There are 2 protein chains.
Amino acid sequence: MKNIIKPVKGTRDFYPEQMAVRTWLYGVCRRVSESFGYQEYDAPFLETLELYAAKSGEELVKEQSYVFQDRGGEMLTLRPELTPSLARMVAQRQRQLTFPIRWWSFGPFWRYERPQKGRSREFFQWNVDMLGVDSPEADAEMVAVLATFFREVGLTPEQVLILVNNRRLMDAQFEAFGIPEKGRPVVSTWIDRREKMSPEAWEAYGREIGLSEKQLQNLKAMLDDKELWKQSEELRRFLAAVEALGVDEYVRYDASIVRGLLYYTGTVIEAWEVGGEIRRSILGGGRYDNLLADVGGDPLPGVGFAMGDVVITLVLEKYGLLPTDLTIYPAPVLVTVFDQERLLESFRLASELRRAGLNVVVYPEPKRLPKQFRYADRIGARVALVLGPDELSTGQVAVKDLNSGEQHLVSRGEATVREVQRILAGANS
Amino acid sequence: MKNIIKPVKGTRDFYPEQMAVRTWLYGVCRRVSESFGYQEYDAPFLETLELYAAKSGEELVKEQSYVFQDRGGEMLTLRPELTPSLARMVAQRQRQLTFPIRWWSFGPFWRYERPQKGRSREFFQWNVDMLGVDSPEADAEMVAVLATFFREVGLTPEQVLILVNNRRLMDAQFEAFGIPEKGRPVVSTWIDRREKMSPEAWEAYGREIGLSEKQLQNLKAMLDDKELWKQSEELRRFLAAVEALGVDEYVRYDASIVRGLLYYTGTVIEAWEVGGEIRRSILGGGRYDNLLADVGGDPLPGVGFAMGDVVITLVLEKYGLLPTDLTIYPAPVLVTVFDQERLLESFRLASELRRAGLNVVVYPEPKRLPKQFRYADRIGARVALVLGPDELSTGQVAVKDLNSGEQHLVSRGEATVREVQRILAGANS
């Protein structure tokens, strides 16, 4: 094996097989987003460090972002998430845009994390956001977009769930337990670790960050209280709207959902695989009512979520839901080349068929016909055409159905197109 | 005006209007590529510096690439072009792939250049390549893909031309003029500058790089010789194949086409706007027979081209060929909200319509109906639905045709779907 230059760790090569999956996923995201009236947009992939300094989590900016100086000395960041760019773009046109805006996007993001199952350093993310409305019903629509995606790809509520909590409800609880505002991020991180530690280690960690026994007991009771949402009018309205949108089977209240990003202010959501074997959330999101002001705009409420392509692909694989019938080779028709002398006639024939709207590969050089037929097989072609001296002398083309092996001589021109179309129609049925 | 955080110079925000154009361009590239049987693929956006060190032009790597150290100390590059990644990917699977391979891609690239008309630091590029065949006919197919793109977007040979030259023909000429191999890159750069300088300055520059008077005269005669291609069997076969593919009207031989990238070995191509007002080439490409070996693979011939999105967009704008009827708002149906009490009924109705396959926006909060109708206008909706107390008590929906202003009461359920579809069918015709 030669020493081939390596790709960068945590990046992925998209050969046509992998690319077809990415394109399929992008297409589902498009279909679902558009069915709710969301418009596609995109932000630059390079942004200033300043943009993230305001509100993205500390860990995200200081430890996980690719930050570097350009040749002009400016500090740039490969975007680790989209919401700050969205806020910047909306703030720039806040006077011109028609609110509410509903926008979606699908594109690349970068985080310097240890590459492992379900994680890569360069990944794709579906982002969906609504700006200009502050209501639990808007939050419910966001969850309906998500649940519709799950339905569309065939994931059931027995396989994936959308877990919901509310920052304001949590804050009221923290307040009641005597946990001051500046201590809450640490407590949130502690809550987030519960599932990843033994109960003893987790409680010890709670004492370490300064929680009293009373606070510990209160917090544990809060986390286990499945009915706590009833104390929040916001959550009650949210769940009623989720029901009206017909997606309640996918949604559960869960007090342990605390999102790390500092900008969330109300509803927060995460989706998880139910079996629990895939130990990373499928996506996260929530309501962020201050973000525009943080980048220099006027205050504007918003809600959104982001789903990376890596974990959802693992989940789909696990349940056998990745499509197996994707078109990897786009051309079902191969024009063979009889010999060097007749090569250009094959080129002409291929052009004629393309002008009739067919996707056509022409074998690019004279090789033995059996080799060309084998190639046709490998690229999944359904029809092969032969144009030898006999066919050329009579103005005909030999059209071979590669499934049945049958071959017919037809006149060149419209008759050829019709015969090819006839075989393709049969092959698809 | 508040001080909103700025985007990075040379990057672009894609609001839905601009995104629709990018998506349209991507779609045309897909259609054309697939009509010739090319498969979509993609490489990582981050690659090692090493990958480009081998063969990309000096200027590209040393002056124009974004190069930086990651948190682990590795030297990374934001890809400035795709061909080296393609070579790496093919080399990795050289034993498994079925040749010839025909691959295309559409994605982001970065070059640190002075931003100006026709140039941005972050741009998108269409790449098309065929590997595994070494023939002038394969080169001609590449040009046919390109010409088909021009036809598809409506650009005529009076507006754009594909200019062609051949490195081997040039080398034979350089040899005959006594220009040694290591001096040829400098001479190529000099040839490339001809159009950008006065004849006197250009000749003086030629003497400066060491050309003798005799060499100067020979080179000038060579550049002006429109028939020189006849001396190259490769170019003769290439142009015959271009004719067979029916795209000769777009193709001209031009001895002044020298591509800067070191890896080209045979045919080289550039496309230019004919009027000459847009002073940057639309695209470039050619044959590169050594590139795989350079990244550690076995030698494999290849040919390809790359077209950035910025210059072609300028050309399309100049000729009024950017589509003006792109769908910016994907949902033609708006469900209004009568009041807070009936909000969830509107959500239910929207869900019913979506399940019937319609793209539906629901106004997310109760506002005065005229305001909601104005919103429907602004987002280009064709149909608005009203569900007030009267409609709810009779199990009906008011369906309003926003073009004609006509409004009908229909039963909720299938009748609603049919009425909406009827209006949409009329609106499209």
# chains A, B, ... in the order shown; residues from 1 in each chain; ligands from 1

call {"tool": "residues_around", "arguments": {"residues": "segment 304-315 of chain A", "least_positions_apart": "2", "cutoff": "6 Å", "atoms": "only C-alpha atoms", "output": "PyMOL selection string"}}
result
chain A and resi 118+124-129+282-286+317-318

call {"tool": "residues_around", "arguments": {"residues": "Glu203 of chain B", "least_positions_apart": "5", "cutoff": "10 Å", "atoms": "only C-alpha atoms", "output": "PyMOL selection string"}}
result
chain B and resi 190+194+197-198+208+211+213+216-217+220

call {"tool": "write_last_selection", "arguments": {"atoms": "all heavy atoms", "output": "mmCIF file, in the first residue's frame"}}
result
data_model
loop_
_atom_site.group_PDB
_atom_site.id
_atom_site.type_symbol
_atom_site.label_atom_id
_atom_site.label_comp_id
_atom_site.auth_asym_id
_atom_site.auth_seq_id
_atom_site.Cartn_x
_atom_site.Cartn_y
_atom_site.Cartn_z
ATOM 1 N N TRP B 190 3.776 35.263 -18.238
ATOM 2 C CA TRP B 190 3.949 36.414 -19.140
ATOM 3 C C TRP B 190 2.872 36.402 -20.233
ATOM 4 O O TRP B 190 2.227 37.414 -20.504
ATOM 5 C CB TRP B 190 5.366 36.376 -19.738
ATOM 6 C CG TRP B 190 5.621 37.349 -20.839
ATOM 7 C CD1 TRP B 190 5.799 38.701 -20.717
ATOM 8 C CD2 TRP B 190 5.747 37.042 -22.237
ATOM 9 N NE1 TRP B 190 6.019 39.261 -21.945
ATOM 10 C CE2 TRP B 190 5.982 38.263 -22.916
ATOM 11 C CE3 TRP B 190 5.679 35.868 -22.984
ATOM 12 C CZ2 TRP B 190 6.146 38.331 -24.289
ATOM 13 C CZ3 TRP B 190 5.840 35.942 -24.352
ATOM 14 C CH2 TRP B 190 6.073 37.157 -24.997
ATOM 15 N N ARG B 194 -0.728 39.235 -21.211
ATOM 16 C CA ARG B 194 -0.755 40.025 -22.432
ATOM 17 C C ARG B 194 -1.958 40.959 -22.509
ATOM 18 O O ARG B 194 -1.829 42.151 -22.804
ATOM 19 C CB ARG B 194 -0.776 39.101 -23.655
ATOM 20 C CG ARG B 194 -0.521 39.870 -24.946
ATOM 21 C CD ARG B 194 -0.616 38.958 -26.173
ATOM 22 N NE ARG B 194 -0.042 39.600 -27.351
ATOM 23 C CZ ARG B 194 -0.095 39.086 -28.560
ATOM 24 N NH1 ARG B 194 -0.663 37.904 -28.747
ATOM 25 N NH2 ARG B 194 0.423 39.720 -29.582
ATOM 26 N N MET B 197 -1.929 44.230 -20.197
ATOM 27 C CA MET B 197 -0.876 45.259 -20.252
ATOM 28 C C MET B 197 -0.884 45.911 -21.631
ATOM 29 O O MET B 197 -1.438 45.380 -22.587
ATOM 30 C CB MET B 197 0.497 44.610 -20.019
ATOM 31 C CG MET B 197 0.611 43.873 -18.683
ATOM 32 S SD MET B 197 2.161 42.931 -18.525
ATOM 33 C CE MET B 197 3.285 44.221 -17.973
ATOM 34 N N SER B 198 -0.183 47.077 -21.729
ATOM 35 C CA SER B 198 0.019 47.681 -23.059
ATOM 36 C C SER B 198 1.034 46.814 -23.794
ATOM 37 O O SER B 198 1.863 46.150 -23.164
ATOM 38 C CB SER B 198 0.545 49.105 -22.907
ATOM 39 O OG SER B 198 1.890 49.062 -22.455
ATOM 40 N N GLU B 208 12.562 41.387 -19.717
ATOM 41 C CA GLU B 208 12.961 41.309 -18.308
ATOM 42 C C GLU B 208 13.087 39.859 -17.821
ATOM 43 O O GLU B 208 13.977 39.545 -17.043
ATOM 44 C CB GLU B 208 11.861 42.000 -17.485
ATOM 45 C CG GLU B 208 12.326 42.801 -16.301
ATOM 46 C CD GLU B 208 11.135 43.567 -15.752
ATOM 47 O OE1 GLU B 208 10.835 44.680 -16.263
ATOM 48 O OE2 GLU B 208 10.459 43.007 -14.871
ATOM 49 N N LEU B 211 13.703 36.766 -22.265
ATOM 50 C CA LEU B 211 13.431 36.321 -23.631
ATOM 51 C C LEU B 211 14.295 37.115 -24.616
ATOM 52 O O LEU B 211 14.457 38.334 -24.465
ATOM 53 C CB LEU B 211 11.954 36.531 -23.964
ATOM 54 C CG LEU B 211 10.949 35.666 -23.192
ATOM 55 C CD1 LEU B 211 9.521 36.107 -23.480
ATOM 56 C CD2 LEU B 211 11.130 34.187 -23.530
ATOM 57 N N GLU B 213 15.122 38.621 -28.490
ATOM 58 C CA GLU B 213 14.257 39.250 -29.508
ATOM 59 C C GLU B 213 13.614 38.191 -30.390
ATOM 60 O O GLU B 213 12.429 38.244 -30.701
ATOM 61 C CB GLU B 213 15.067 40.224 -30.379
ATOM 62 C CG GLU B 213 15.335 41.566 -29.724
ATOM 63 C CD GLU B 213 14.095 42.216 -29.103
ATOM 64 O OE1 GLU B 213 13.058 42.348 -29.799
ATOM 65 O OE2 GLU B 213 14.142 42.561 -27.894
ATOM 66 N N LEU B 216 10.920 36.426 -28.531
ATOM 67 C CA LEU B 216 9.762 37.327 -28.454
ATOM 68 C C LEU B 216 8.944 37.276 -29.749
ATOM 69 O O LEU B 216 7.713 37.139 -29.725
ATOM 70 C CB LEU B 216 10.229 38.765 -28.232
ATOM 71 C CG LEU B 216 10.229 39.308 -26.804
ATOM 72 C CD1 LEU B 216 10.686 40.753 -26.790
ATOM 73 C CD2 LEU B 216 8.824 39.201 -26.214
ATOM 74 N N GLN B 217 9.626 37.385 -30.874
ATOM 75 C CA GLN B 217 8.927 37.388 -32.165
ATOM 76 C C GLN B 217 8.226 36.055 -32.405
ATOM 77 O O GLN B 217 7.071 36.011 -32.831
ATOM 78 C CB GLN B 217 9.898 37.694 -33.330
ATOM 79 C CG GLN B 217 10.526 39.101 -33.278
ATOM 80 C CD GLN B 217 9.535 40.196 -32.874
ATOM 81 O OE1 GLN B 217 8.415 40.243 -33.389
ATOM 82 N NE2 GLN B 217 9.923 41.055 -31.933
ATOM 83 N N LYS B 220 5.162 35.785 -30.153
ATOM 84 C CA LYS B 220 4.067 36.632 -30.625
ATOM 85 C C LYS B 220 3.391 36.011 -31.838
ATOM 86 O O LYS B 220 2.148 35.978 -31.934
ATOM 87 C CB LYS B 220 4.576 38.044 -30.957
ATOM 88 C CG LYS B 220 4.706 38.921 -29.723
ATOM 89 C CD LYS B 220 5.497 40.190 -29.961
ATOM 90 C CE LYS B 220 4.822 41.106 -30.976
ATOM 91 N NZ LYS B 220 5.637 42.354 -31.159
#

call {"tool": "atom_distance", "arguments": {"atom1": "atom CA of Asp289 of chain A", "atom2": "atom CA of Val90 of chain A"}}
result
13.4 Å

call {"tool": "select_by_dssp", "arguments": {"residues": "segment 221-389 of chain A", "states": "strand (DSSP E)", "output": "PyMOL selection string"}}
result
chain A and resi 251-253+267-273+283-287+302-308+333-335+360-362+383-386

call {"tool": "write_last_selection", "arguments": {"atoms": "N, CA, C and O atoms", "output": "CSV table (one decimal), in the first residue's frame"}}
result
chain,number,residue,atom,x,y,z
A,251,VAL,N,-43.8,13.8,22.0
A,251,VAL,CA,-43.4,14.8,23.0
A,251,VAL,C,-43.6,14.4,24.4
A,251,VAL,O,-44.6,13.9,24.8
A,252,ARG,N,-42.5,14.6,25.3
A,252,ARG,CA,-42.6,14.3,26.7
A,252,ARG,C,-42.0,15.5,27.5
A,252,ARG,O,-40.9,16.0,27.1
A,253,TYR,N,-42.6,15.8,28.6
A,253,TYR,CA,-41.9,16.8,29.5
A,253,TYR,C,-40.8,16.1,30.3
A,253,TYR,O,-41.0,14.9,30.7
A,267,THR,N,-38.8,27.8,26.4
A,267,THR,CA,-38.9,26.4,26.1
A,267,THR,C,-37.5,25.9,25.6
A,267,THR,O,-36.8,26.6,24.8
A,268,VAL,N,-37.1,24.7,26.1
A,268,VAL,CA,-35.9,24.0,25.5
A,268,VAL,C,-36.3,22.6,25.1
A,268,VAL,O,-37.1,22.0,25.8
A,269,ILE,N,-35.7,22.1,24.0
A,269,ILE,CA,-36.1,20.8,23.6
A,269,ILE,C,-34.8,20.0,23.2
A,269,ILE,O,-33.8,20.6,22.8
A,270,GLU,N,-34.9,18.7,23.4
A,270,GLU,CA,-33.9,17.8,22.9
A,270,GLU,C,-34.6,16.6,22.3
A,270,GLU,O,-35.7,16.2,22.8
A,271,ALA,N,-34.0,15.9,21.3
A,271,ALA,CA,-34.6,14.6,20.9
A,271,ALA,C,-33.6,13.5,21.2
A,271,ALA,O,-32.4,13.7,21.1
A,272,TRP,N,-34.1,12.4,21.7
A,272,TRP,CA,-33.2,11.3,22.0
A,272,TRP,C,-33.8,10.0,21.4
A,272,TRP,O,-35.0,9.8,21.3
A,273,GLU,N,-32.8,9.1,21.1
A,273,GLU,CA,-33.2,7.8,20.8
A,273,GLU,C,-33.7,7.1,22.0
A,273,GLU,O,-33.1,7.2,23.1
A,283,LEU,N,-30.8,16.1,18.6
A,283,LEU,CA,-30.9,17.6,18.3
A,283,LEU,C,-31.2,18.4,19.5
A,283,LEU,O,-31.6,17.8,20.5
A,284,GLY,N,-31.1,19.7,19.4
A,284,GLY,CA,-31.4,20.5,20.5
A,284,GLY,C,-32.0,21.8,20.0
A,284,GLY,O,-31.8,22.2,18.8
A,285,GLY,N,-32.8,22.5,20.8
A,285,GLY,CA,-33.3,23.8,20.4
A,285,GLY,C,-34.0,24.5,21.5
A,285,GLY,O,-34.0,24.0,22.7
A,286,GLY,N,-34.7,25.6,21.2
A,286,GLY,CA,-35.5,26.3,22.2
A,286,GLY,C,-35.7,27.7,21.8
A,286,GLY,O,-35.5,28.1,20.7
A,287,ARG,N,-36.3,28.4,22.8
A,287,ARG,CA,-36.6,29.8,22.6
A,287,ARG,C,-35.5,30.7,23.1
A,287,ARG,O,-35.0,30.6,24.2
A,302,GLY,N,-37.4,34.7,19.3
A,302,GLY,CA,-37.2,33.7,18.3
A,302,GLY,C,-37.2,32.3,19.0
A,302,GLY,O,-37.1,32.1,20.2
A,303,VAL,N,-37.4,31.3,18.1
A,303,VAL,CA,-37.4,29.9,18.6
A,303,VAL,C,-36.8,29.0,17.4
A,303,VAL,O,-37.1,29.3,16.2
A,304,GLY,N,-36.1,28.0,17.7
A,304,GLY,CA,-35.5,27.2,16.7
A,304,GLY,C,-34.9,25.9,17.2
A,304,GLY,O,-34.8,25.7,18.4
A,305,PHE,N,-34.4,25.1,16.3
A,305,PHE,CA,-33.6,23.9,16.6
A,305,PHE,C,-32.6,23.6,15.6
A,305,PHE,O,-32.7,24.2,14.5
A,306,ALA,N,-31.6,22.8,15.9
A,306,ALA,CA,-30.6,22.4,15.0
A,306,ALA,C,-30.4,20.9,15.2
A,306,ALA,O,-30.3,20.4,16.3
A,307,MET,N,-30.3,20.2,14.1
A,307,MET,CA,-30.1,18.7,14.1
A,307,MET,C,-28.9,18.4,13.2
A,307,MET,O,-28.9,18.7,12.0
A,308,GLY,N,-27.9,17.8,13.8
A,308,GLY,CA,-26.7,17.4,13.1
A,308,GLY,C,-27.0,16.1,12.2
A,308,GLY,O,-27.9,15.4,12.6
A,333,VAL,N,-28.8,4.8,-19.3
A,333,VAL,CA,-28.5,4.4,-20.7
A,333,VAL,C,-27.0,4.5,-21.0
A,333,VAL,O,-26.4,5.6,-20.7
A,334,LEU,N,-26.5,3.5,-21.6
A,334,LEU,CA,-25.1,3.5,-22.0
A,334,LEU,C,-25.0,3.3,-23.5
A,334,LEU,O,-25.5,2.4,-24.1
A,335,VAL,N,-24.3,4.2,-24.2
A,335,VAL,CA,-24.0,4.1,-25.6
A,335,VAL,C,-22.6,3.5,-25.7
A,335,VAL,O,-21.6,4.0,-25.2
A,360,VAL,N,-27.6,10.0,-20.3
A,360,VAL,CA,-26.9,9.0,-21.2
A,360,VAL,C,-25.4,9.1,-20.9
A,360,VAL,O,-24.7,10.2,-21.0
A,361,VAL,N,-24.8,7.9,-20.6
A,361,VAL,CA,-23.3,7.8,-20.6
A,361,VAL,C,-22.9,7.2,-21.9
A,361,VAL,O,-23.5,6.3,-22.4
A,362,VAL,N,-21.8,7.8,-22.4
A,362,VAL,CA,-21.2,7.1,-23.6
A,362,VAL,C,-19.8,6.6,-23.1
A,362,VAL,O,-19.1,7.2,-22.4
A,383,VAL,N,-30.2,0.1,-20.2
A,383,VAL,CA,-30.2,0.0,-21.6
A,383,VAL,C,-28.8,0.2,-22.2
A,383,VAL,O,-28.1,1.1,-21.7
A,384,ALA,N,-28.4,-0.6,-23.2
A,384,ALA,CA,-27.2,-0.4,-23.8
A,384,ALA,C,-27.4,-0.3,-25.3
A,384,ALA,O,-28.3,-1.0,-25.9
A,385,LEU,N,-26.8,0.7,-26.0
A,385,LEU,CA,-27.0,0.8,-27.4
A,385,LEU,C,-25.7,0.5,-28.2
A,385,LEU,O,-24.6,0.9,-27.7
A,386,VAL,N,-25.8,-0.2,-29.3
A,386,VAL,CA,-24.7,-0.5,-30.1
A,386,VAL,C,-24.8,0.1,-31.5
A,386,VAL,O,-25.9,0.0,-32.1

call {"tool": "residues_around", "arguments": {"residues": "segment 406-422 of chain A", "least_positions_apart": "4", "cutoff": "6 Å", "atoms": "only C-alpha atoms", "output": "compact mmCIF listing (two decimals) with all heavy atoms, in the first residue's frame"}}
result
# COMPACT_ATOMS: atom_id res chain seq x y z
N GLY A 395 -28.80 2.74 -41.04
CA GLY A 395 -29.45 3.83 -40.30
C GLY A 395 -30.19 3.33 -39.09
O GLY A 395 -31.22 3.88 -38.69
N GLN A 396 -29.67 2.26 -38.48
CA GLN A 396 -30.35 1.69 -37.32
C GLN A 396 -29.46 1.70 -36.07
O GLN A 396 -28.27 2.05 -36.15
CB GLN A 396 -30.76 0.25 -37.64
CG GLN A 396 -31.90 0.17 -38.65
CD GLN A 396 -32.28 -1.25 -38.94
OE1 GLN A 396 -31.44 -2.05 -39.37
NE2 GLN A 396 -33.54 -1.59 -38.71
N VAL A 397 -30.06 1.33 -34.95
CA VAL A 397 -29.33 1.22 -33.69
C VAL A 397 -29.78 -0.09 -33.04
O VAL A 397 -30.97 -0.42 -33.08
CB VAL A 397 -29.68 2.39 -32.75
CG1 VAL A 397 -28.91 2.26 -31.44
CG2 VAL A 397 -29.40 3.73 -33.41
N ALA A 398 -28.83 -0.83 -32.46
CA ALA A 398 -29.21 -2.02 -31.69
C ALA A 398 -29.43 -1.58 -30.25
O ALA A 398 -28.53 -1.03 -29.61
CB ALA A 398 -28.11 -3.07 -31.77
N VAL A 399 -30.66 -1.81 -29.76
CA VAL A 399 -31.02 -1.38 -28.40
C VAL A 399 -31.19 -2.63 -27.53
O VAL A 399 -32.04 -3.47 -27.81
CB VAL A 399 -32.33 -0.56 -28.40
CG1 VAL A 399 -32.65 -0.09 -26.99
CG2 VAL A 399 -32.21 0.63 -29.34
N LYS A 400 -30.38 -2.74 -26.50
CA LYS A 400 -30.39 -3.94 -25.68
C LYS A 400 -30.97 -3.66 -24.30
O LYS A 400 -30.53 -2.75 -23.61
CB LYS A 400 -28.96 -4.47 -25.55
CG LYS A 400 -28.85 -5.77 -24.78
CD LYS A 400 -27.44 -6.34 -24.86
CE LYS A 400 -27.39 -7.64 -24.05
NZ LYS A 400 -26.12 -8.36 -24.25
N ASP A 401 -31.97 -4.43 -23.92
CA ASP A 401 -32.55 -4.38 -22.57
C ASP A 401 -31.63 -5.20 -21.67
O ASP A 401 -31.54 -6.41 -21.81
CB ASP A 401 -33.97 -4.97 -22.61
CG ASP A 401 -34.64 -4.94 -21.24
OD1 ASP A 401 -33.92 -4.97 -20.21
OD2 ASP A 401 -35.88 -4.91 -21.21

call {"tool": "atom_distance", "arguments": {"atom1": "atom CA of Gln39 of chain B", "atom2": "atom CA of Gly132 of chain B"}}
result
14.8 Å

call {"tool": "residues_around", "arguments": {"residues": "Phe238 of chain B", "least_positions_apart": "5", "cutoff": "9 Å", "atoms": "only C-alpha atoms", "output": "PyMOL selection string"}}
result
chain B and resi 135-140+233+243+267

call {"tool": "select_by_dssp", "arguments": {"residues": "segment 264-297 of chain A", "states": "alpha helix (DSSP H)", "output": "MDAnalysis selection string"}}
result
chainID A and resid 291:294

call {"tool": "atom_distance", "arguments": {"atom1": "atom CA of Glu17 of chain A", "atom2": "atom CA of Leu322 of chain A"}}
result
11.9 Å

call {"tool": "closest_residue", "arguments": {"among": "A:Val337, A:Ala376, A:Leu245, A:Val258", "to": "chain B", "atoms": "only C-alpha atoms"}}
result
A:Leu245

call {"tool": "closest_residue", "arguments": {"among": "B:Asn359, B:Ser281, B:Gln215, B:Gln18", "to": "chain A", "atoms": "only C-alpha atoms"}}
result
B:Asn359

call {"tool": "closest_residue", "arguments": {"among": "B:Ala87, B:Ala331, B:Leu343, B:Ala381", "to": "Asp294 of chain B", "atoms": "only C-alpha atoms"}}
result
B:Ala87

call {"tool": "residues_around", "arguments": {"residues": "segment 29-33 of chain A", "least_positions_apart": "4", "cutoff": "8 Å", "atoms": "only C-alpha atoms", "output": "short mmCIF file (atom, residue, chain, number, x, y, z; two decimals) with all heavy atoms, in the first residue's frame"}}
result
data_model
loop_
_atom_site.label_atom_id
_atom_site.label_comp_id
_atom_site.auth_asym_id
_atom_site.auth_seq_id
_atom_site.Cartn_x
_atom_site.Cartn_y
_atom_site.Cartn_z
N LEU A 25 -31.07 13.16 2.75
CA LEU A 25 -31.39 13.79 4.04
C LEU A 25 -31.73 15.27 3.83
O LEU A 25 -32.71 15.79 4.39
CB LEU A 25 -30.19 13.64 4.98
CG LEU A 25 -30.40 14.11 6.42
CD1 LEU A 25 -31.45 13.28 7.14
CD2 LEU A 25 -29.07 14.06 7.20
N GLY A 37 -43.97 26.04 5.38
CA GLY A 37 -43.78 27.39 4.84
C GLY A 37 -42.44 28.04 5.16
O GLY A 37 -42.29 29.24 4.99
N TYR A 38 -41.45 27.25 5.61
CA TYR A 38 -40.15 27.83 5.92
C TYR A 38 -39.34 28.07 4.65
O TYR A 38 -39.37 27.26 3.73
CB TYR A 38 -39.38 26.93 6.90
CG TYR A 38 -39.95 27.03 8.30
CD1 TYR A 38 -41.23 26.54 8.58
CD2 TYR A 38 -39.26 27.66 9.33
CE1 TYR A 38 -41.78 26.68 9.84
CE2 TYR A 38 -39.81 27.79 10.60
CZ TYR A 38 -41.08 27.29 10.85
OH TYR A 38 -41.63 27.42 12.10
N GLN A 39 -38.60 29.19 4.63
CA GLN A 39 -37.79 29.57 3.47
C GLN A 39 -36.34 29.17 3.70
O GLN A 39 -35.78 29.40 4.78
CB GLN A 39 -37.81 31.09 3.30
CG GLN A 39 -39.17 31.70 3.19
CD GLN A 39 -39.03 33.22 3.07
OE1 GLN A 39 -38.99 33.93 4.06
NE2 GLN A 39 -38.95 33.71 1.85
N GLU A 40 -35.69 28.68 2.65
CA GLU A 40 -34.28 28.31 2.79
C GLU A 40 -33.40 29.54 2.75
O GLU A 40 -33.62 30.45 1.96
CB GLU A 40 -33.86 27.33 1.68
CG GLU A 40 -32.47 26.76 1.93
CD GLU A 40 -31.99 25.76 0.88
OE1 GLU A 40 -32.59 25.71 -0.21
OE2 GLU A 40 -31.02 25.06 1.16
N TRP A 104 -35.16 28.15 7.18
CA TRP A 104 -34.44 26.89 7.44
C TRP A 104 -33.16 26.87 6.62
O TRP A 104 -33.01 27.61 5.64
CB TRP A 104 -35.30 25.67 7.12
CG TRP A 104 -35.49 25.43 5.65
CD1 TRP A 104 -36.39 26.05 4.83
CD2 TRP A 104 -34.76 24.52 4.81
NE1 TRP A 104 -36.27 25.58 3.55
CE2 TRP A 104 -35.28 24.64 3.51
CE3 TRP A 104 -33.73 23.62 5.04
CZ2 TRP A 104 -34.79 23.88 2.42
CZ3 TRP A 104 -33.25 22.87 3.98
CH2 TRP A 104 -33.78 23.01 2.68
N PHE A 106 -29.51 24.10 5.62
CA PHE A 106 -28.81 22.81 5.74
C PHE A 106 -27.39 23.04 5.25
O PHE A 106 -27.20 23.36 4.07
CB PHE A 106 -29.51 21.74 4.89
CG PHE A 106 -28.94 20.36 5.02
CD1 PHE A 106 -29.48 19.45 5.92
CD2 PHE A 106 -27.86 19.95 4.25
CE1 PHE A 106 -28.96 18.17 6.06
CE2 PHE A 106 -27.33 18.66 4.37
CZ PHE A 106 -27.89 17.77 5.27
N TRP A 126 -29.14 20.68 10.06
CA TRP A 126 -30.42 21.26 9.64
C TRP A 126 -30.84 22.25 10.71
O TRP A 126 -30.94 21.89 11.88
CB TRP A 126 -31.45 20.13 9.52
CG TRP A 126 -32.82 20.54 9.11
CD1 TRP A 126 -33.18 21.55 8.26
CD2 TRP A 126 -34.05 19.91 9.52
NE1 TRP A 126 -34.56 21.57 8.12
CE2 TRP A 126 -35.11 20.58 8.88
CE3 TRP A 126 -34.36 18.84 10.36
CZ2 TRP A 126 -36.45 20.23 9.06
CZ3 TRP A 126 -35.67 18.48 10.54
CH2 TRP A 126 -36.72 19.17 9.88
N VAL A 128 -33.74 25.20 11.81
CA VAL A 128 -35.08 25.74 11.55
C VAL A 128 -35.37 26.79 12.62
O VAL A 128 -35.17 26.52 13.81
CB VAL A 128 -36.15 24.63 11.60
CG1 VAL A 128 -37.52 25.20 11.25
CG2 VAL A 128 -35.80 23.48 10.66
N VAL A 145 -42.60 20.56 13.34
CA VAL A 145 -41.70 20.41 12.18
C VAL A 145 -40.81 19.19 12.40
O VAL A 145 -40.69 18.31 11.53
CB VAL A 145 -40.84 21.69 11.99
CG1 VAL A 145 -39.79 21.47 10.90
CG2 VAL A 145 -41.73 22.89 11.64
N THR A 148 -42.69 15.90 12.36
CA THR A 148 -43.03 15.58 10.97
C THR A 148 -41.82 14.97 10.26
O THR A 148 -41.94 14.04 9.47
CB THR A 148 -43.53 16.83 10.24
OG1 THR A 148 -44.65 17.36 10.97
CG2 THR A 148 -43.96 16.51 8.82
N PHE A 149 -40.64 15.51 10.57
CA PHE A 149 -39.41 14.91 10.01
C PHE A 149 -39.29 13.46 10.45
O PHE A 149 -39.05 12.57 9.64
CB PHE A 149 -38.18 15.71 10.45
CG PHE A 149 -36.88 15.03 10.11
CD1 PHE A 149 -36.30 15.21 8.86
CD2 PHE A 149 -36.27 14.17 11.00
CE1 PHE A 149 -35.12 14.55 8.52
CE2 PHE A 149 -35.09 13.51 10.67
CZ PHE A 149 -34.51 13.70 9.44
N GLU A 152 -41.68 11.35 8.60
CA GLU A 152 -41.31 11.26 7.19
C GLU A 152 -40.22 10.21 6.96
O GLU A 152 -40.23 9.49 5.97
CB GLU A 152 -40.84 12.64 6.72
CG GLU A 152 -40.46 12.75 5.27
CD GLU A 152 -41.63 13.11 4.37
OE1 GLU A 152 -42.71 13.48 4.90
OE2 GLU A 152 -41.46 13.04 3.14
#
